[in-house]
>>> print(open('run-v3.txt').read())   # compact mmCIF, C-alpha atoms
# COMPACT_ATOMS: atom_id res chain seq x y z
CA MET A 126 7.21 -20.97 -6.09
CA HIS A 127 10.93 -21.47 -5.41
CA TRP A 128 11.89 -18.44 -7.53
CA VAL A 129 9.29 -16.19 -5.89
CA HIS A 130 10.51 -17.07 -2.39
CA LYS A 131 14.12 -16.60 -3.43
CA GLY A 132 13.20 -13.21 -4.94
CA MET A 133 11.48 -12.15 -1.74
CA GLU A 134 14.53 -13.16 0.30
CA LEU A 135 16.84 -11.21 -2.01
CA LYS A 136 14.57 -8.19 -1.87
CA ALA A 137 14.62 -8.31 1.93
CA ARG A 138 18.43 -8.26 1.81
CA GLY A 139 18.39 -5.28 -0.55
CA GLU A 140 19.56 -7.22 -3.58
CA LEU A 141 16.88 -5.71 -5.80
CA ALA A 142 18.22 -6.47 -9.28
CA GLU A 143 18.70 -10.11 -8.34
CA ALA A 144 15.22 -10.24 -6.83
CA LEU A 145 13.76 -8.89 -10.05
CA GLU A 146 15.57 -11.61 -11.99
CA CYS A 147 14.02 -14.25 -9.73
CA PHE A 148 10.51 -12.92 -10.29
CA ASP A 149 11.17 -12.90 -14.05
CA ARG A 150 12.40 -16.49 -13.84
CA ALA A 151 9.26 -17.52 -11.96
CA LEU A 152 7.14 -15.92 -14.69
CA GLU A 153 9.08 -17.73 -17.42
CA ILE A 154 8.17 -21.00 -15.72
CA ASP A 155 4.57 -20.02 -14.97
CA PRO A 156 3.19 -16.89 -16.67
CA ARG A 157 0.07 -17.13 -14.46
CA ASN A 158 2.01 -16.95 -11.18
CA LEU A 159 0.02 -14.36 -9.27
CA ASN A 160 2.63 -13.93 -6.52
CA ALA A 161 5.41 -13.37 -9.04
CA TRP A 162 3.42 -10.67 -10.86
CA ASN A 163 2.48 -8.98 -7.58
CA ASN A 164 6.01 -9.06 -6.16
CA LYS A 165 7.56 -7.91 -9.43
CA GLY A 166 5.07 -5.04 -9.67
CA SER A 167 5.71 -3.99 -6.07
CA LEU A 168 9.47 -4.09 -6.58
CA LEU A 169 9.27 -2.08 -9.80
CA GLY A 170 7.11 0.49 -8.00
CA GLU A 171 9.70 0.76 -5.25
CA LEU A 172 12.51 1.08 -7.79
CA ALA A 173 10.59 3.84 -9.55
CA THR A 174 10.55 5.91 -6.37
CA MET A 175 14.22 5.40 -5.53
CA ASN A 176 16.45 8.18 -6.88
CA ALA A 177 13.64 9.26 -9.21
CA ALA A 178 15.33 12.56 -10.02
CA GLU A 179 18.73 10.98 -10.62
CA GLU A 180 17.93 7.98 -12.79
CA PRO A 181 16.28 8.02 -16.20
CA GLY A 182 13.59 5.45 -16.89
CA GLN A 183 11.67 5.81 -13.64
CA SER A 184 8.33 6.41 -15.37
CA GLN A 185 9.04 3.35 -17.52
CA ARG A 186 9.49 1.27 -14.35
CA LEU A 187 6.22 2.62 -13.02
CA GLY A 188 4.51 1.67 -16.27
CA GLU A 189 6.01 -1.81 -16.00
CA ALA A 190 4.77 -2.06 -12.41
CA LEU A 191 1.25 -1.19 -13.53
CA GLU A 192 1.47 -3.80 -16.29
CA CYS A 193 2.42 -6.40 -13.67
CA PHE A 194 -0.57 -5.53 -11.51
CA ASP A 195 -2.86 -5.62 -14.55
CA ARG A 196 -1.56 -9.09 -15.44
CA ALA A 197 -2.08 -10.25 -11.85
CA LEU A 198 -5.60 -8.81 -11.79
CA GLU A 199 -6.41 -10.67 -15.01
CA ILE A 200 -5.58 -13.85 -13.09
CA ASP A 201 -7.48 -12.88 -9.93
CA PRO A 202 -9.62 -9.73 -10.02
CA THR A 203 -10.94 -10.49 -6.53
CA ASP A 204 -7.62 -9.94 -4.73
CA GLY A 205 -7.96 -6.77 -2.67
CA GLU A 206 -4.22 -6.54 -1.98
CA LEU A 207 -3.52 -6.43 -5.72
CA TRP A 208 -5.97 -3.57 -6.18
CA SER A 209 -4.28 -1.71 -3.31
CA ASN A 210 -0.81 -2.29 -4.78
CA LYS A 211 -1.99 -1.05 -8.17
CA ALA A 212 -3.46 2.01 -6.47
CA LYS A 213 -0.08 2.83 -4.89
CA ALA A 214 1.61 2.70 -8.30
CA LEU A 215 -1.13 4.84 -9.85
CA LEU A 216 -0.67 7.44 -7.12
CA LEU A 217 3.05 7.56 -7.84
CA ALA A 218 2.22 8.04 -11.52
CA GLY A 219 -0.04 10.97 -10.63
CA ARG A 220 -3.18 9.16 -11.75
CA CYS A 221 -5.13 9.95 -8.59
CA ASP A 222 -8.69 9.28 -9.74
CA GLU A 223 -7.75 5.84 -11.03
CA ALA A 224 -5.88 5.17 -7.78
CA LEU A 225 -8.92 6.03 -5.69
CA ASP A 226 -11.06 3.71 -7.83
CA CYS A 227 -8.57 0.90 -7.12
CA TYR A 228 -8.60 1.63 -3.39
CA ASP A 229 -12.40 1.49 -3.49
CA ARG A 230 -12.19 -1.90 -5.19
CA SER A 231 -9.69 -3.15 -2.61
CA THR A 232 -11.83 -2.20 0.38
CA ASP A 233 -15.01 -3.43 -1.31
CA LEU A 234 -13.36 -6.82 -1.83
CA CYS A 235 -11.76 -6.98 1.62
CA PRO A 236 -13.84 -4.78 3.94
CA GLY A 237 -12.32 -6.49 6.98
CA SER A 238 -8.70 -5.60 6.13
CA ALA A 239 -7.43 -2.83 8.39
CA LEU A 240 -4.29 -2.53 6.25
CA LEU A 241 -6.23 -1.83 3.06
CA TRP A 242 -8.37 0.79 4.83
CA LEU A 243 -5.19 2.36 6.22
CA ASN A 244 -3.62 2.52 2.75
CA LYS A 245 -6.77 4.08 1.36
CA GLY A 246 -6.82 6.61 4.19
CA LEU A 247 -3.20 7.56 3.63
CA ALA A 248 -3.95 8.14 -0.05
CA MET A 249 -7.03 10.23 0.76
CA GLU A 250 -5.07 12.27 3.28
CA GLY A 251 -2.24 12.78 0.80
CA LEU A 252 -4.74 14.16 -1.68
CA GLU A 253 -6.15 16.41 1.08
CA TYR A 254 -9.50 14.60 1.23
CA TYR A 255 -9.42 14.77 5.00
CA ALA A 256 -13.02 13.82 5.73
CA ASP A 257 -12.69 10.74 3.53
CA ALA A 258 -9.35 9.90 5.14
CA MET A 259 -10.93 10.19 8.58
CA HIS A 260 -13.68 7.78 7.52
CA CYS A 261 -10.99 5.27 6.49
CA TYR A 262 -9.06 5.69 9.74
CA ASP A 263 -12.29 5.26 11.72
CA LYS A 264 -12.79 1.98 9.89
CA VAL A 265 -9.20 0.94 10.69
CA VAL A 266 -9.63 1.48 14.44
CA GLU A 267 -13.01 -0.24 14.34
CA LEU A 268 -11.29 -3.30 12.85
CA ASP A 269 -8.03 -2.94 14.80
CA PRO A 270 -8.40 -0.68 17.86
CA LYS A 271 -4.67 -0.99 18.59
CA ASN A 272 -3.54 0.33 15.20
CA LYS A 273 -1.25 3.11 16.34
CA GLN A 274 -0.68 4.55 12.86
CA ALA A 275 -4.41 5.09 12.35
CA TRP A 276 -4.73 6.85 15.72
CA VAL A 277 -1.77 9.08 14.87
CA ARG A 278 -3.28 10.01 11.49
CA LYS A 279 -6.65 10.70 13.17
CA TYR A 280 -4.84 12.95 15.64
CA TRP A 281 -3.26 15.01 12.86
CA ILE A 282 -6.54 15.47 11.05
CA HIS A 283 -8.30 16.51 14.27
CA ARG A 284 -5.43 18.91 14.89
CA ARG A 285 -5.88 20.36 11.39
CA TRP A 286 -9.55 20.86 12.24
CA ASP A 287 -8.78 22.32 15.72
CA GLU A 288 -10.80 19.60 17.42
CA LEU A 289 -9.08 19.57 20.78
CA TRP A 290 -11.25 16.98 22.54
CA ASP A 291 -10.88 14.55 19.69
CA MET A 292 -7.11 15.18 19.63
CA ALA A 293 -6.95 14.36 23.32
CA GLU A 294 -8.88 11.12 22.77
CA CYS A 295 -6.41 10.10 20.07
CA ILE A 296 -3.47 10.87 22.33
CA GLU A 297 -4.96 8.67 25.06
CA HIS A 298 -5.33 5.78 22.63
CA ILE A 299 -1.78 6.26 21.34
CA LYS A 300 -0.37 6.33 24.88
CA ALA A 301 -2.31 3.20 25.84
CA ILE A 302 -0.96 1.37 22.79
CA GLU A 303 2.58 2.50 23.58
CA ARG A 304 2.25 1.37 27.21
CA GLU A 305 1.07 -2.02 26.02
CA GLU A 306 3.94 -2.26 23.51
CA GLU A 307 6.46 -1.49 26.27
CA GLY A 308 5.02 -3.82 28.88
>>> encode(input="run-v3.txt", output="structure tokens")
Amino acid sequence: MHWVHKGMELKARGELAEALECFDRALEIDPRNLNAWNNKGSLLGELATMNAAEEPGQSQRLGEALECFDRALEIDPTDGELWSNKAKALLLAGRCDEALDCYDRSTDLCPGSALLWLNKGLAMEGLEYYADAMHCYDKVVELDPKNKQAWVRKYWIHRRWDELWDMAECIEHIKAIEREEEG
């Protein structure tokens, strides 16, 4: 676990190449290290989105990220966060249907995770499946009524649909959350 923690610290400091080396080192020691596969996949996904137009090999990094998530899911197919992380990488690769299947798996496995529902909603909204996104955001605020990001996304969908009363309700929730954050 030492190498995974060191990799996470390096990643937090922006030392991405060094972080990747740490995750690789952890996997050399223990090829079944779920956290190393997950962190390596997440980092490769992030690297694939950085300067995508400027650097060659971005789609290769995305492919490597997906391989990491597949390896991690072989170890633990019941980890909802892994399914969500794989879904993010699939979305970046333009494989939307597969991504949505992964988001479904993540929320089926962890129906009480507001974060996973939020990620699924953001993906649905990005694909312009607004009714499905709204369902996800409704689930988020059911689980976490003070989730400001979900209320903001609900507001924008209601605005798109010209639902003024519902927009106003969202604004009230957002303001209440902001007042609580300030005080």
>>> closest_residue(input="run-v3.txt", among="A:Lys131, A:Arg230, A:Lys273, A:Lys211", to="Gly170 of chain A", atoms="all atoms listed in the file")
A:Lys211
>>> closest_residue(input="run-v3.txt", among="A:Thr232, A:Ser238, A:Asn160, A:Asn244", to="Gln274 of chain A", atoms="only C-alpha atoms")
A:Asn244
>>> residues_around(input="run-v3.txt", residues="Glu189 of chain A", least_positions_apart="4", cutoff="12 Å", atoms="only C-alpha atoms", output="ChimeraX atom specification")
/A:162-163,165-173,182-185,193-196,211,214-215,218
>>> residues_around(input="run-v3.txt", residues="Met259 of chain A", least_positions_apart="4", cutoff="8 Å", atoms="all atoms listed in the file", output="PyMOL selection string")
chain A and resi 246+255+263+279+282
>>> atom_distance(input="run-v3.txt", atom1="atom CA of Glu303 of chain A", atom2="atom CA of Lys271 of chain A")
9.5 Å
>>> decode(input="run-v3.txt", residues="segment 161-298 of chain A", atoms="C-alpha atoms", output="short mmCIF file (atom, residue, chain, number, x, y, z; two decimals), in the first residue's frame")
data_model
loop_
_atom_site.label_atom_id
_atom_site.label_comp_id
_atom_site.auth_asym_id
_atom_site.auth_seq_id
_atom_site.Cartn_x
_atom_site.Cartn_y
_atom_site.Cartn_z
CA ALA A 161 -3.38 0.64 -7.61
CA TRP A 162 -5.38 -0.42 -10.69
CA ASN A 163 -8.14 2.09 -9.90
CA ASN A 164 -5.76 4.98 -9.24
CA LYS A 165 -3.65 4.19 -12.29
CA GLY A 166 -6.76 4.02 -14.48
CA SER A 167 -8.08 7.30 -13.11
CA LEU A 168 -4.74 9.02 -13.66
CA LEU A 169 -4.43 7.70 -17.21
CA GLY A 170 -7.96 8.93 -17.92
CA GLU A 171 -7.02 12.37 -16.63
CA LEU A 172 -3.83 12.38 -18.69
CA ALA A 173 -5.82 11.44 -21.78
CA THR A 174 -7.96 14.56 -21.42
CA MET A 175 -5.05 16.93 -20.80
CA ASN A 176 -3.80 18.60 -23.99
CA ALA A 177 -5.63 15.97 -26.04
CA ALA A 178 -5.23 17.95 -29.27
CA GLU A 179 -1.56 18.68 -28.68
CA GLU A 180 -0.15 15.33 -27.62
CA PRO A 181 -0.17 12.12 -29.63
CA GLY A 182 -1.08 8.93 -27.84
CA GLN A 183 -4.10 10.22 -25.94
CA SER A 184 -6.41 7.47 -27.21
CA GLN A 185 -3.73 4.95 -26.21
CA ARG A 186 -3.79 6.34 -22.66
CA LEU A 187 -7.56 6.06 -22.62
CA GLY A 188 -7.29 2.45 -23.76
CA GLU A 189 -4.76 1.80 -21.00
CA ALA A 190 -7.11 3.41 -18.47
CA LEU A 191 -9.92 1.11 -19.56
CA GLU A 192 -7.59 -1.89 -19.26
CA CYS A 193 -6.80 -0.83 -15.68
CA PHE A 194 -10.48 -0.62 -14.78
CA ASP A 195 -11.12 -4.00 -16.40
CA ARG A 196 -8.30 -5.54 -14.35
CA ALA A 197 -9.69 -3.96 -11.18
CA LEU A 198 -13.19 -5.20 -11.98
CA GLU A 199 -11.84 -8.72 -12.46
CA ILE A 200 -10.64 -8.48 -8.86
CA ASP A 201 -13.85 -6.95 -7.50
CA PRO A 202 -16.85 -6.70 -9.84
CA THR A 203 -19.02 -5.44 -6.97
CA ASP A 204 -17.21 -2.10 -6.55
CA GLY A 205 -19.59 0.62 -7.73
CA GLU A 206 -16.87 3.29 -7.78
CA LEU A 207 -14.85 1.20 -10.24
CA TRP A 208 -17.84 0.90 -12.56
CA SER A 209 -18.34 4.67 -12.37
CA ASN A 210 -14.65 5.35 -13.11
CA LYS A 211 -14.77 2.98 -16.08
CA ALA A 212 -17.90 4.78 -17.30
CA LYS A 213 -16.07 8.13 -17.23
CA ALA A 214 -13.27 6.71 -19.38
CA LEU A 215 -15.77 5.15 -21.79
CA LEU A 216 -17.53 8.50 -22.17
CA LEU A 217 -14.21 10.16 -23.01
CA ALA A 218 -13.63 7.43 -25.60
CA GLY A 219 -17.03 8.17 -27.15
CA ARG A 220 -18.44 4.79 -26.17
CA CYS A 221 -21.62 6.21 -24.67
CA ASP A 222 -23.84 3.12 -24.56
CA GLU A 223 -21.17 1.13 -22.76
CA ALA A 224 -20.64 4.05 -20.37
CA LEU A 225 -24.32 4.18 -19.50
CA ASP A 226 -24.30 0.42 -18.84
CA CYS A 227 -21.40 0.95 -16.42
CA TYR A 228 -23.21 3.80 -14.67
CA ASP A 229 -26.25 1.54 -14.32
CA ARG A 230 -24.03 -1.12 -12.74
CA SER A 231 -22.50 1.43 -10.36
CA THR A 232 -25.83 2.71 -9.08
CA ASP A 233 -27.29 -0.81 -8.91
CA LEU A 234 -24.35 -1.86 -6.72
CA CYS A 235 -24.35 1.30 -4.59
CA PRO A 236 -27.87 2.75 -4.70
CA GLY A 237 -27.13 4.84 -1.60
CA SER A 238 -24.17 6.72 -3.12
CA ALA A 239 -25.13 10.29 -3.98
CA LEU A 240 -21.81 10.74 -5.80
CA LEU A 241 -22.43 7.83 -8.16
CA TRP A 242 -25.95 9.09 -8.93
CA LEU A 243 -24.51 12.55 -9.55
CA ASN A 244 -21.90 11.17 -11.96
CA LYS A 245 -24.57 9.21 -13.78
CA GLY A 246 -26.76 12.31 -14.00
CA LEU A 247 -23.93 14.41 -15.39
CA ALA A 248 -23.33 11.78 -18.06
CA MET A 249 -27.02 11.61 -18.93
CA GLU A 250 -27.23 15.39 -19.13
CA GLY A 251 -24.11 15.54 -21.29
CA LEU A 252 -25.75 13.12 -23.70
CA GLU A 253 -28.91 15.28 -23.63
CA TYR A 254 -31.00 12.63 -21.85
CA TYR A 255 -32.51 15.31 -19.65
CA ALA A 256 -35.39 13.33 -18.16
CA ASP A 257 -32.99 10.55 -17.15
CA ALA A 258 -30.55 13.11 -15.77
CA MET A 259 -33.34 14.69 -13.73
CA HIS A 260 -34.22 11.28 -12.29
CA CYS A 261 -30.58 10.89 -11.19
CA TYR A 262 -30.45 14.37 -9.66
CA ASP A 263 -33.72 13.69 -7.83
CA LYS A 264 -32.08 10.60 -6.36
CA VAL A 265 -29.02 12.66 -5.34
CA VAL A 266 -31.09 15.21 -3.41
CA GLU A 267 -33.14 12.42 -1.86
CA LEU A 268 -29.90 10.91 -0.53
CA ASP A 269 -28.13 14.23 0.13
CA PRO A 270 -30.57 17.18 0.30
CA LYS A 271 -27.65 19.61 0.68
CA ASN A 272 -25.90 18.58 -2.53
CA LYS A 273 -25.59 21.97 -4.19
CA GLN A 274 -24.31 20.62 -7.51
CA ALA A 275 -27.41 18.45 -7.95
CA TRP A 276 -29.71 21.39 -7.21
CA VAL A 277 -27.83 23.54 -9.72
CA ARG A 278 -28.11 20.85 -12.41
CA LYS A 279 -31.83 20.43 -11.63
CA TYR A 280 -32.23 24.20 -12.00
CA TRP A 281 -30.64 24.19 -15.46
CA ILE A 282 -32.82 21.34 -16.68
CA HIS A 283 -35.97 23.04 -15.35
CA ARG A 284 -34.82 26.21 -17.08
CA ARG A 285 -34.38 24.29 -20.33
CA TRP A 286 -37.95 23.05 -19.91
CA ASP A 287 -39.28 26.53 -18.95
CA GLU A 288 -40.53 25.25 -15.60
CA LEU A 289 -40.43 28.47 -13.63
CA TRP A 290 -41.88 27.21 -10.35
CA ASP A 291 -39.46 24.32 -10.25
CA MET A 292 -36.59 26.69 -11.09
CA ALA A 293 -37.59 28.89 -8.17
CA GLU A 294 -37.66 25.88 -5.82
CA CYS A 295 -34.13 24.95 -6.90
CA ILE A 296 -32.92 28.49 -6.34
CA GLU A 297 -34.36 28.45 -2.82
CA HIS A 298 -32.53 25.21 -2.03
#
